[in-house]
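What follows is the content of coords.pdb (PDB, C-alpha atoms and all ligand atoms).
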ATOM      1  CA  MET A   1      23.597  49.165  67.951
ATOM      2  CA  PRO A   2      20.311  48.775  66.015
ATOM      3  CA  ALA A   3      17.234  49.466  68.200
ATOM      4  CA  ARG A   4      16.196  45.848  67.669
ATOM      5  CA  LEU A   5      19.324  44.763  69.537
ATOM      6  CA  THR A   6      18.806  46.771  72.698
ATOM      7  CA  PHE A   7      17.880  44.918  75.846
ATOM      8  CA  ASP A   8      16.272  45.323  79.267
ATOM      9  CA  PRO A   9      18.011  44.623  82.587
ATOM     10  CA  LEU A  10      17.990  40.952  83.569
ATOM     11  CA  PRO A  11      15.307  40.113  86.148
ATOM     12  CA  GLN A  12      16.950  40.144  89.573
ATOM     13  CA  ASP A  13      16.261  36.494  90.368
ATOM     14  CA  VAL A  14      17.850  35.395  87.087
ATOM     15  CA  ALA A  15      20.872  37.672  87.630
ATOM     16  CA  GLU A  16      21.369  36.348  91.172
ATOM     17  CA  THR A  17      21.015  32.692  90.221
ATOM     18  CA  LEU A  18      23.366  33.169  87.256
ATOM     19  CA  ALA A  19      25.922  34.817  89.519
ATOM     20  CA  VAL A  20      26.131  31.726  91.724
ATOM     21  CA  SER A  21      26.192  29.389  88.696
ATOM     22  CA  ARG A  22      28.969  31.226  86.812
ATOM     23  CA  THR A  23      31.454  28.381  86.757
ATOM     24  CA  ARG A  24      28.852  25.896  85.478
ATOM     25  CA  VAL A  25      27.327  28.057  82.770
ATOM     26  CA  GLY A  26      30.627  29.563  81.569
ATOM     27  CA  ALA A  27      30.198  31.355  78.234
ATOM     28  CA  PHE A  28      26.519  30.375  78.234
ATOM     29  CA  GLY A  29      25.918  32.915  81.013
ATOM     30  CA  ASN A  30      25.982  35.804  78.539
ATOM     31  CA  VAL A  31      22.207  36.370  78.725
ATOM     32  CA  ARG A  32      20.366  39.305  77.103
ATOM     33  CA  TYR A  33      16.825  39.913  78.338
ATOM     34  CA  ARG A  34      13.743  41.511  76.842
ATOM     35  CA  ALA A  35      10.457  41.753  78.733
ATOM     36  CA  GLU A  36       8.675  41.287  75.413
ATOM     37  CA  VAL A  37       9.935  40.422  71.973
ATOM     38  CA  ASP A  38       8.542  39.085  68.710
ATOM     39  CA  SER A  39      10.732  35.975  68.829
ATOM     40  CA  THR A  40      13.877  35.293  70.851
ATOM     41  CA  ASN A  41      15.150  33.248  67.890
ATOM     42  CA  ASP A  42      15.001  36.328  65.647
ATOM     43  CA  LEU A  43      17.082  38.395  68.070
ATOM     44  CA  ALA A  44      19.568  35.580  68.603
ATOM     45  CA  ILE A  45      19.913  35.162  64.814
ATOM     46  CA  ASP A  46      20.670  38.904  64.526
ATOM     47  CA  LEU A  47      23.223  38.660  67.348
ATOM     48  CA  ALA A  48      24.849  35.619  65.752
ATOM     49  CA  ALA A  49      25.003  37.354  62.364
ATOM     50  CA  ALA A  50      26.683  40.308  64.101
ATOM     51  CA  GLY A  51      29.386  37.950  65.457
ATOM     52  CA  ALA A  52      28.084  37.083  68.934
ATOM     53  CA  PRO A  53      30.133  34.232  70.418
ATOM     54  CA  GLU A  54      28.846  30.766  71.332
ATOM     55  CA  GLY A  55      26.732  30.862  74.445
ATOM     56  CA  THR A  56      25.137  34.264  73.790
ATOM     57  CA  ALA A  57      21.544  33.840  74.915
ATOM     58  CA  VAL A  58      18.313  35.798  74.546
ATOM     59  CA  LEU A  59      15.662  35.357  77.239
ATOM     60  CA  ALA A  60      12.232  36.967  77.076
ATOM     61  CA  GLY A  61       9.306  37.391  79.439
ATOM     62  CA  ALA A  62       6.847  37.013  76.553
ATOM     63  CA  GLN A  63       6.884  36.619  72.773
ATOM     64  CA  ARG A  64       4.447  38.369  70.437
ATOM     65  CA  ALA A  65       5.275  36.072  67.517
ATOM     66  CA  GLY A  66       6.954  32.995  68.966
ATOM     67  CA  ARG A  67       7.706  30.452  66.266
ATOM     68  CA  GLY A  68       7.443  26.681  66.322
ATOM     69  CA  ARG A  69       8.429  24.031  63.807
ATOM     70  CA  ARG A  70       6.776  23.782  60.421
ATOM     71  CA  GLY A  71       5.643  27.403  60.413
ATOM     72  CA  ARG A  72       3.486  27.053  63.491
ATOM     73  CA  SER A  73       3.211  29.759  66.118
ATOM     74  CA  TRP A  74       4.428  29.151  69.671
ATOM     75  CA  PHE A  75       2.028  30.314  72.378
ATOM     76  CA  SER A  76       4.168  32.607  74.555
ATOM     77  CA  PRO A  77       2.088  34.571  77.077
ATOM     78  CA  PRO A  78       3.782  36.814  79.690
ATOM     79  CA  GLY A  79       5.352  35.013  82.620
ATOM     80  CA  ALA A  80       3.979  31.563  81.731
ATOM     81  CA  GLY A  81       6.923  30.068  79.916
ATOM     82  CA  LEU A  82      10.620  29.851  79.312
ATOM     83  CA  TYR A  83      11.443  31.584  76.043
ATOM     84  CA  LEU A  84      15.154  31.189  75.440
ATOM     85  CA  SER A  85      17.415  31.165  72.387
ATOM     86  CA  VAL A  86      21.109  30.379  72.490
ATOM     87  CA  VAL A  87      23.790  30.848  69.836
ATOM     88  CA  VAL A  88      26.057  27.843  69.277
ATOM     89  CA  ARG A  89      28.995  27.796  66.873
ATOM     90  CA  PRO A  90      29.902  24.484  65.233
ATOM     91  CA  VAL A  91      33.491  23.330  65.610
ATOM     92  CA  GLY A  92      35.088  21.236  62.862
ATOM     93  CA  PRO A  93      33.376  19.419  59.981
ATOM     94  CA  ALA A  94      29.640  19.557  59.369
ATOM     95  CA  ASP A  95      29.043  15.977  60.557
ATOM     96  CA  ALA A  96      27.821  17.148  63.977
ATOM     97  CA  LEU A  97      25.127  19.455  62.602
ATOM     98  CA  PRO A  98      22.351  16.865  62.150
ATOM     99  CA  LEU A  99      22.588  16.098  65.862
ATOM    100  CA  VAL A 100      22.121  19.657  67.145
ATOM    101  CA  THR A 101      18.360  19.320  67.710
ATOM    102  CA  LEU A 102      18.655  15.934  69.423
ATOM    103  CA  ALA A 103      21.597  17.061  71.564
ATOM    104  CA  SER A 104      19.734  20.215  72.591
ATOM    105  CA  GLY A 105      16.700  18.120  73.479
ATOM    106  CA  VAL A 106      18.870  15.962  75.722
ATOM    107  CA  ALA A 107      20.230  19.115  77.367
ATOM    108  CA  ALA A 108      16.745  20.539  77.884
ATOM    109  CA  ALA A 109      15.164  17.356  79.304
ATOM    110  CA  ARG A 110      18.061  16.840  81.720
ATOM    111  CA  ALA A 111      17.947  20.482  82.834
ATOM    112  CA  LEU A 112      14.190  20.430  83.474
ATOM    113  CA  HIS A 113      14.497  17.278  85.545
ATOM    114  CA  THR A 114      17.393  18.701  87.570
ATOM    115  CA  ALA A 115      15.663  22.056  88.163
ATOM    116  CA  THR A 116      12.153  20.773  88.937
ATOM    117  CA  GLY A 117      12.250  17.015  89.595
ATOM    118  CA  LEU A 118       9.714  16.356  86.815
ATOM    119  CA  GLY A 119      10.378  13.374  84.564
ATOM    120  CA  VAL A 120      10.650  14.855  81.078
ATOM    121  CA  GLU A 121      10.803  12.680  77.966
ATOM    122  CA  LEU A 122      11.800  13.348  74.383
ATOM    123  CA  LYS A 123       9.630  12.735  71.358
ATOM    124  CA  TRP A 124      11.468  12.705  68.051
ATOM    125  CA  PRO A 125      12.606  15.020  66.742
ATOM    126  CA  ASN A 126      12.089  18.060  68.956
ATOM    127  CA  ASP A 127       9.338  17.688  71.545
ATOM    128  CA  LEU A 128       9.628  17.781  75.337
ATOM    129  CA  VAL A 129       6.775  15.703  76.727
ATOM    130  CA  THR A 130       5.604  14.162  79.967
ATOM    131  CA  GLY A 131       2.990  11.763  81.352
ATOM    132  CA  ARG A 132       0.694   9.139  79.767
ATOM    133  CA  PRO A 133      -0.718   9.900  77.354
ATOM    134  CA  TRP A 134       2.036  12.285  76.438
ATOM    135  CA  ARG A 135       1.356  15.938  76.821
ATOM    136  CA  LYS A 136       3.643  18.517  75.339
ATOM    137  CA  LEU A 137       5.644  20.637  77.772
ATOM    138  CA  GLY A 138       7.893  22.335  75.291
ATOM    139  CA  GLY A 139       9.858  22.135  72.093
ATOM    140  CA  LEU A 140      13.001  23.139  70.281
ATOM    141  CA  LEU A 141      13.454  25.162  67.125
ATOM    142  CA  CYS A 142      17.045  25.124  65.840
ATOM    143  CA  GLU A 143      17.811  27.513  63.016
ATOM    144  CA  ALA A 144      21.050  27.810  61.047
ATOM    145  CA  VAL A 145      22.700  31.192  60.593
ATOM    146  CA  GLY A 146      25.024  32.063  57.738
ATOM    147  CA  GLY A 147      24.785  31.701  54.032
ATOM    148  CA  GLY A 148      26.613  29.625  51.526
ATOM    149  CA  ALA A 149      28.148  26.260  52.128
ATOM    150  CA  THR A 150      29.042  26.727  55.772
ATOM    151  CA  VAL A 151      26.878  27.092  58.825
ATOM    152  CA  ASP A 152      28.485  29.801  60.976
ATOM    153  CA  ALA A 153      26.122  29.424  63.877
ATOM    154  CA  ILE A 154      22.952  27.716  64.960
ATOM    155  CA  VAL A 155      20.340  29.318  67.156
ATOM    156  CA  VAL A 156      18.842  26.809  69.574
ATOM    157  CA  GLY A 157      15.389  28.073  70.544
ATOM    158  CA  ILE A 158      13.765  26.451  73.554
ATOM    159  CA  GLY A 159      10.202  27.011  74.673
ATOM    160  CA  VAL A 160       8.880  25.407  77.858
ATOM    161  CA  ASN A 161       5.475  25.822  79.475
ATOM    162  CA  LEU A 162       6.303  26.571  83.097
ATOM    163  CA  ARG A 163       2.983  27.812  84.496
ATOM    164  CA  PRO A 164      -0.679  27.118  83.722
ATOM    165  CA  ALA A 165      -2.011  29.259  80.872
ATOM    166  CA  ALA A 166      -5.124  29.524  78.723
ATOM    167  CA  TYR A 167      -3.800  27.511  75.778
ATOM    168  CA  PRO A 168      -5.428  28.033  72.379
ATOM    169  CA  PRO A 169      -8.164  25.412  71.766
ATOM    170  CA  GLU A 170      -6.171  23.601  69.064
ATOM    171  CA  ILE A 171      -3.450  22.634  71.558
ATOM    172  CA  ALA A 172      -5.331  22.706  74.874
ATOM    173  CA  ASP A 173      -5.955  18.947  75.089
ATOM    174  CA  ARG A 174      -2.310  17.982  74.528
ATOM    175  CA  ALA A 175      -0.381  20.824  76.205
ATOM    176  CA  THR A 176       0.661  20.983  79.824
ATOM    177  CA  SER A 177       3.026  22.950  82.019
ATOM    178  CA  ILE A 178       5.562  21.942  84.626
ATOM    179  CA  GLU A 179       3.495  23.514  87.413
ATOM    180  CA  ASP A 180       0.333  21.767  86.175
ATOM    181  CA  GLU A 181       2.188  18.466  86.388
ATOM    182  CA  LEU A 182       3.874  19.033  89.744
ATOM    183  CA  GLY A 183       1.089  20.971  91.476
ATOM    184  CA  ARG A 184       3.601  23.407  92.939
ATOM    185  CA  PRO A 185       5.491  26.497  91.798
ATOM    186  CA  VAL A 186       8.779  26.208  89.930
ATOM    187  CA  ASP A 187      11.705  28.599  90.138
ATOM    188  CA  ARG A 188      12.070  30.097  86.645
ATOM    189  CA  ALA A 189      15.532  31.499  87.380
ATOM    190  CA  LEU A 190      16.746  28.036  88.365
ATOM    191  CA  VAL A 191      15.264  26.556  85.199
ATOM    192  CA  VAL A 192      17.057  29.214  83.105
ATOM    193  CA  CYS A 193      20.424  28.549  84.766
ATOM    194  CA  GLU A 194      20.142  24.753  84.628
ATOM    195  CA  MET A 195      19.141  25.021  80.982
ATOM    196  CA  LEU A 196      22.214  27.132  80.199
ATOM    197  CA  ALA A 197      24.560  24.877  82.191
ATOM    198  CA  SER A 198      23.149  21.776  80.518
ATOM    199  CA  LEU A 199      23.412  23.312  77.034
ATOM    200  CA  ALA A 200      27.021  24.298  77.767
ATOM    201  CA  ASP A 201      27.797  20.703  78.775
ATOM    202  CA  VAL A 202      25.983  18.912  75.939
ATOM    203  CA  THR A 203      27.112  21.358  73.233
ATOM    204  CA  ALA A 204      30.743  20.840  74.268
ATOM    205  CA  ARG A 205      30.176  17.079  74.039
ATOM    206  CA  LEU A 206      28.694  17.518  70.574
ATOM    207  CA  TRP A 207      31.678  19.514  69.299
ATOM    208  CA  ARG A 208      33.957  16.842  70.842
ATOM    209  CA  ARG A 209      31.990  14.280  68.776
ATOM    210  CA  GLU A 210      30.655  12.391  71.813
ATOM    211  CA  ARG A 211      28.016  11.003  69.482
ATOM    212  CA  ARG A 212      27.586   7.780  71.446
ATOM    213  CA  TRP A 213      26.853   9.594  74.733
ATOM    214  CA  ILE A 214      24.398  11.973  73.057
ATOM    215  CA  CYS A 215      22.513   9.247  71.183
ATOM    216  CA  ASP A 216      22.406   6.939  74.206
ATOM    217  CA  GLU A 217      21.081   9.756  76.395
ATOM    218  CA  TRP A 218      18.494  10.551  73.736
ATOM    219  CA  ARG A 219      17.473   6.877  73.585
ATOM    220  CA  ARG A 220      17.122   6.777  77.378
ATOM    221  CA  LEU A 221      14.975   9.918  77.444
ATOM    222  CA  GLY A 222      13.037   9.023  74.297
ATOM    223  CA  ARG A 223      12.660   5.300  74.900
ATOM    224  CA  ALA A 224       8.842   5.342  75.142
ATOM    225  CA  GLY A 225       8.643   6.338  71.494
ATOM    226  CA  LEU A 226      11.203   3.787  70.261
ATOM    227  CA  GLY A 227      11.520  -0.008  70.390
ATOM    228  CA  GLY A 228       8.337  -0.746  68.447
ATOM    229  CA  ALA A 229       6.036   2.182  69.187
ATOM    230  CA  ALA A 230       3.318   2.508  66.547
ATOM    231  CA  ILE A 231       3.548   5.677  64.475
ATOM    232  CA  ARG A 232       2.128   7.263  61.374
ATOM    233  CA  TRP A 233       3.635   9.862  59.129
ATOM    234  CA  THR A 234       3.295  11.316  55.669
ATOM    235  CA  GLU A 235       5.904  10.774  52.967
ATOM    236  CA  GLN A 236       5.566  12.716  49.729
ATOM    237  CA  GLY A 237       1.881  13.133  50.361
ATOM    238  CA  VAL A 238       1.307   9.423  51.157
ATOM    239  CA  ALA A 239       0.052   8.492  54.649
ATOM    240  CA  ARG A 240       2.091   5.677  56.157
ATOM    241  CA  ARG A 241       1.984   3.573  59.304
ATOM    242  CA  GLY A 242       4.803   1.677  60.944
ATOM    243  CA  VAL A 243       6.767   1.178  64.120
ATOM    244  CA  ALA A 244       9.623   3.347  65.382
ATOM    245  CA  ARG A 245      12.635   1.191  66.195
ATOM    246  CA  ASP A 246      15.495   3.485  67.147
ATOM    247  CA  ILE A 247      17.439   6.581  66.226
ATOM    248  CA  ASP A 248      20.663   6.286  64.261
ATOM    249  CA  ASP A 249      23.934   8.076  64.911
ATOM    250  CA  GLU A 250      22.943  10.939  62.609
ATOM    251  CA  GLY A 251      19.721  11.532  64.508
ATOM    252  CA  GLY A 252      17.389   9.951  61.963
ATOM    253  CA  LEU A 253      14.364   7.936  63.145
ATOM    254  CA  MET A 254      14.568   4.283  62.080
ATOM    255  CA  VAL A 255      11.137   2.919  61.235
ATOM    256  CA  ASP A 256       9.809  -0.416  59.993
ATOM    257  CA  ALA A 257       6.794  -0.225  57.724
ATOM    258  CA  GLU A 258       5.290  -2.422  55.032
ATOM    259  CA  GLY A 259       8.057  -4.981  55.384
ATOM    260  CA  ARG A 260      10.969  -2.610  54.951
ATOM    261  CA  ALA A 261      13.126  -0.180  56.892
ATOM    262  CA  HIS A 262      12.665   3.578  56.509
ATOM    263  CA  ARG A 263      14.805   6.401  57.807
ATOM    264  CA  LEU A 264      12.956   9.612  58.690
ATOM    265  CA  VAL A 265      15.001  12.780  58.906
ATOM    266  CA  GLY A 266      12.359  15.436  59.404
ATOM    267  CA  GLY A 267       8.716  16.078  58.944
ATOM    268  CA  GLU A 268       5.950  15.224  61.307
ATOM    269  CA  VAL A 269       5.445  11.934  63.087
ATOM    270  CA  PHE A 270       2.398  10.985  65.142
ATOM    271  CA  TRP A 271       2.645   8.312  67.844
ATOM    272  CA  GLU A 272      -0.474   6.157  67.930
ATOM    273  CA  ARG A 273      -0.615   4.822  71.482
ATOM    274  CA  LEU A 274       1.275   7.158  73.712
ATOM    275  CA  SER A 275       0.231  10.614  72.665
ATOM    276  CA  ARG A 276      -3.069  12.383  72.125
ATOM    277  CA  GLU A 277      -2.302  13.576  68.616
TER
HETATM  278  C1  LIG B 301       8.083  23.429  68.454
HETATM  279  O1  LIG B 301       7.767  22.575  69.278
HETATM  280  O2  LIG B 301       7.471  23.557  67.393
HETATM  281  C2  LIG B 301       9.257  24.326  68.750
HETATM  282  C3  LIG B 301       8.883  25.474  69.638
HETATM  283  C4  LIG B 301      10.047  26.395  69.918
HETATM  284  C5  LIG B 301       9.632  27.638  70.680
HETATM  285  C6  LIG B 301      10.805  28.454  71.134
HETATM  286  S1  LIG B 301      10.363  29.694  72.327
HETATM  287  C7  LIG B 301      11.951  30.384  72.193
HETATM  288  C8  LIG B 301      12.299  30.377  70.727
HETATM  289  N1  LIG B 301      11.744  31.530  70.055
HETATM  290  C9  LIG B 301      10.857  31.199  69.139
HETATM  291  O3  LIG B 301      10.223  32.005  68.414
HETATM  292  N2  LIG B 301      10.702  29.866  69.102
HETATM  293  C10 LIG B 301      11.566  29.202  70.056
END

Before anything else, please render the file you have as structure tokens.
Ligand code: BTN
Amino acid sequence: MPARLTFDPLPQDVAETLAVSRTRVGAFGNVRYRAEVDSTNDLAIDLAAAGAPEGTAVLAGAQRAGRGRRGRSWFSPPGAGLYLSVVVRPVGPADALPLVTLASGVAAARALHTATGLGVELKWPNDLVTGRPWRKLGGLLCEAVGGGATVDAIVVGIGVNLRPAAYPPEIADRATSIEDELGRPVDRALVVCEMLASLADVTARLWRRERRWICDEWRRLGRAGLGGAAIRWTEQGVARRGVARDIDDEGGLMVDAEGRAHRLVGGEVFWERLSRE
């Protein structure tokens, strides 16, 4: 096995909590641990490329080069966050792929609420947020594995701020952690296991094409940013303003602006009233 794919023993609390959650996490209990890593997504991509089955997960205590969306770095200091990447393997036609990020967000928000009691919301397309104005608790970075016309696997990377940390100045005023919000400690091992169990559940729903359940859950968890919330975004270099109406069944954001309907499929969206961006 390449040196890059060697691992450390699982922390005891995670191993013990996983052992009692075996039936719920199923194949998603195959967790590899590294105390420190560049990026859990990179290791999970290597494992997926080497044939690792769905549910193979990489958990780290810290990341030296954690990655966020749009080429950003993800602040990943030791012991302060959940740094987890999970291999999923699409079943059937490619129609489910555009929903992987939204489905994984649903899984993550539900798991965090179950494990900690904190109300976690979703902000399209990939943010885990809480409070008013919104502060960012975490995010998802889903990356496809495999060349050519087919996607063999997708790595679902999840980063969550669990404990207070000295955030870099550029994110300090809009980042928060679960412990900052709750004012009490959270059990990281429980968060890991709930996250895996929830991903196992929602991923199975996605491959069964339970599109309605996934989108309705996303709407419930992301409702503050839908139904007429004012947003701005950039389209081909042009700054635009409008209101977010809904998501569609392919996970696009439906927006009204300048008298017509737009469908956003990626890129960056800023919410005017609810967030601090
Ligand atoms: C974002 O909000 O931009 C997405 C952040 C995703 C961070 C997670 S932490 C685990 C995994 N490994 C990475 O390098 N990134 C993701």

task = Run the PyMOL selection byres (((not hetatm)) within 10 of (chain B and resi 301)) against the file shown and list the residues it catches, as a ChimeraX atom specification.
result = /A:37-44,58-60,62-76,81-86,125-128,136-143,155-161

task = Between atom CA of Val87 of chain A and atom CA of Ser198 of chain A, measure the distance and give it in Å to one decimal.
result =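 A separation of 14.0 Å between them.
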
ask   = Do you have the atom CA of Arg135 of chain A-atom CA of Met195 of chain A distance handy?
value =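 Straight-line distance from atom CA of Arg135 of chain A to atom CA of Met195 of chain A works out to 20.4 Å.
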
message = What does the structure give for the distance between atom CA of Pro168 of chain A and atom CA of Ala57 of chain A, in Å to one decimal?
response =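 Atom CA of Pro168 of chain A sits 27.7 Å away from atom CA of Ala57 of chain A.
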
key: Selection under test: the PyMOL selection byres (((chain A and resi 55) around 10) and not hetatm); residues as a PyMOL selection string   = chain A and resi 25-31+52-54+56-58+85-89+155+196+199-200+203

May I have the centre and edge lengths, in Å to one decimal, of an axis-aligned box around the listed atoms of segment 248-257 of chain A with 3 Å added to every side, as JSON?
{"center_x": 15.4, "center_y": 5.6, "center_z": 61.3, "size_x": 23.1, "size_y": 17.9, "size_z": 13.2}

inquiry  = Using only C-alpha atoms, can you tell me which of A:Ala96, A:Leu118, A:Ala103, A:Ala239 comes closest to Ile178 of chain A?
reply    =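 Looking at the shortest contact to Ile178 of chain A, the residue is A:Leu118.
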
Distance criterion (only C-alpha atoms): nearest to Leu5 of chain A out of A:Ile45, A:Glu170, A:Val151, A:Ala19 =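 Looking only at the distances to Leu5 of chain A, the closest residue turns out to be A:Ile45.
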
inquiry  = Give me, as a ChimeraX atom specification, all polymer residues having an atom no more than 12 Å from segment 262-265 of chain A, counting only C-alpha atoms and skipping those fewer than 6 positions away in the same chain.
reply    = /A:98-99,101-102,124-126,231-235,240-256

Closest contacts (segment 100-167 of chain A/segment 205-219 of chain A, max 10 Å, only C-alpha atoms) as JSON lines:
{"residue": "A:Val100", "atom": "CA", "partner": "A:Leu206", "partner_atom": "CA", "distance": 7.7}
{"residue": "A:Leu102", "atom": "CA", "partner": "A:Trp218", "partner_atom": "CA", "distance": 6.9}
{"residue": "A:Ala103", "atom": "CA", "partner": "A:Ile214", "partner_atom": "CA", "distance": 6.0}
{"residue": "A:Ser104", "atom": "CA", "partner": "A:Ile214", "partner_atom": "CA", "distance": 9.5}
{"residue": "A:Gly105", "atom": "CA", "partner": "A:Trp218", "partner_atom": "CA", "distance": 7.8}
{"residue": "A:Val106", "atom": "CA", "partner": "A:Trp218", "partner_atom": "CA", "distance": 5.8}
{"residue": "A:Ala107", "atom": "CA", "partner": "A:Ile214", "partner_atom": "CA", "distance": 9.3}
{"residue": "A:Ala109", "atom": "CA", "partner": "A:Trp218", "partner_atom": "CA", "distance": 9.4}
{"residue": "A:Arg110", "atom": "CA", "partner": "A:Glu217", "partner_atom": "CA", "distance": 9.4}
{"residue": "A:Glu121", "atom": "CA", "partner": "A:Trp218", "partner_atom": "CA", "distance": 9.0}
{"residue": "A:Leu122", "atom": "CA", "partner": "A:Trp218", "partner_atom": "CA", "distance": 7.3}
{"residue": "A:Lys123", "atom": "CA", "partner": "A:Trp218", "partner_atom": "CA", "distance": 9.4}
{"residue": "A:Trp124", "atom": "CA", "partner": "A:Trp218", "partner_atom": "CA", "distance": 9.3}

inquiry  = Residues near Ala15 of chain A, anyone? I mean within 10 Å using all atoms listed in the file, not counting same-chain ones fewer than 5 positions away, as a PyMOL selection string.
reply    = chain A and resi 9-10+20-21+29+31+189+193

key: Near-Val145 of chain A list (6 Å; only C-alpha atoms; drop same-chain fewer than 6 positions) as a ChimeraX atom specification   = /A:152-154
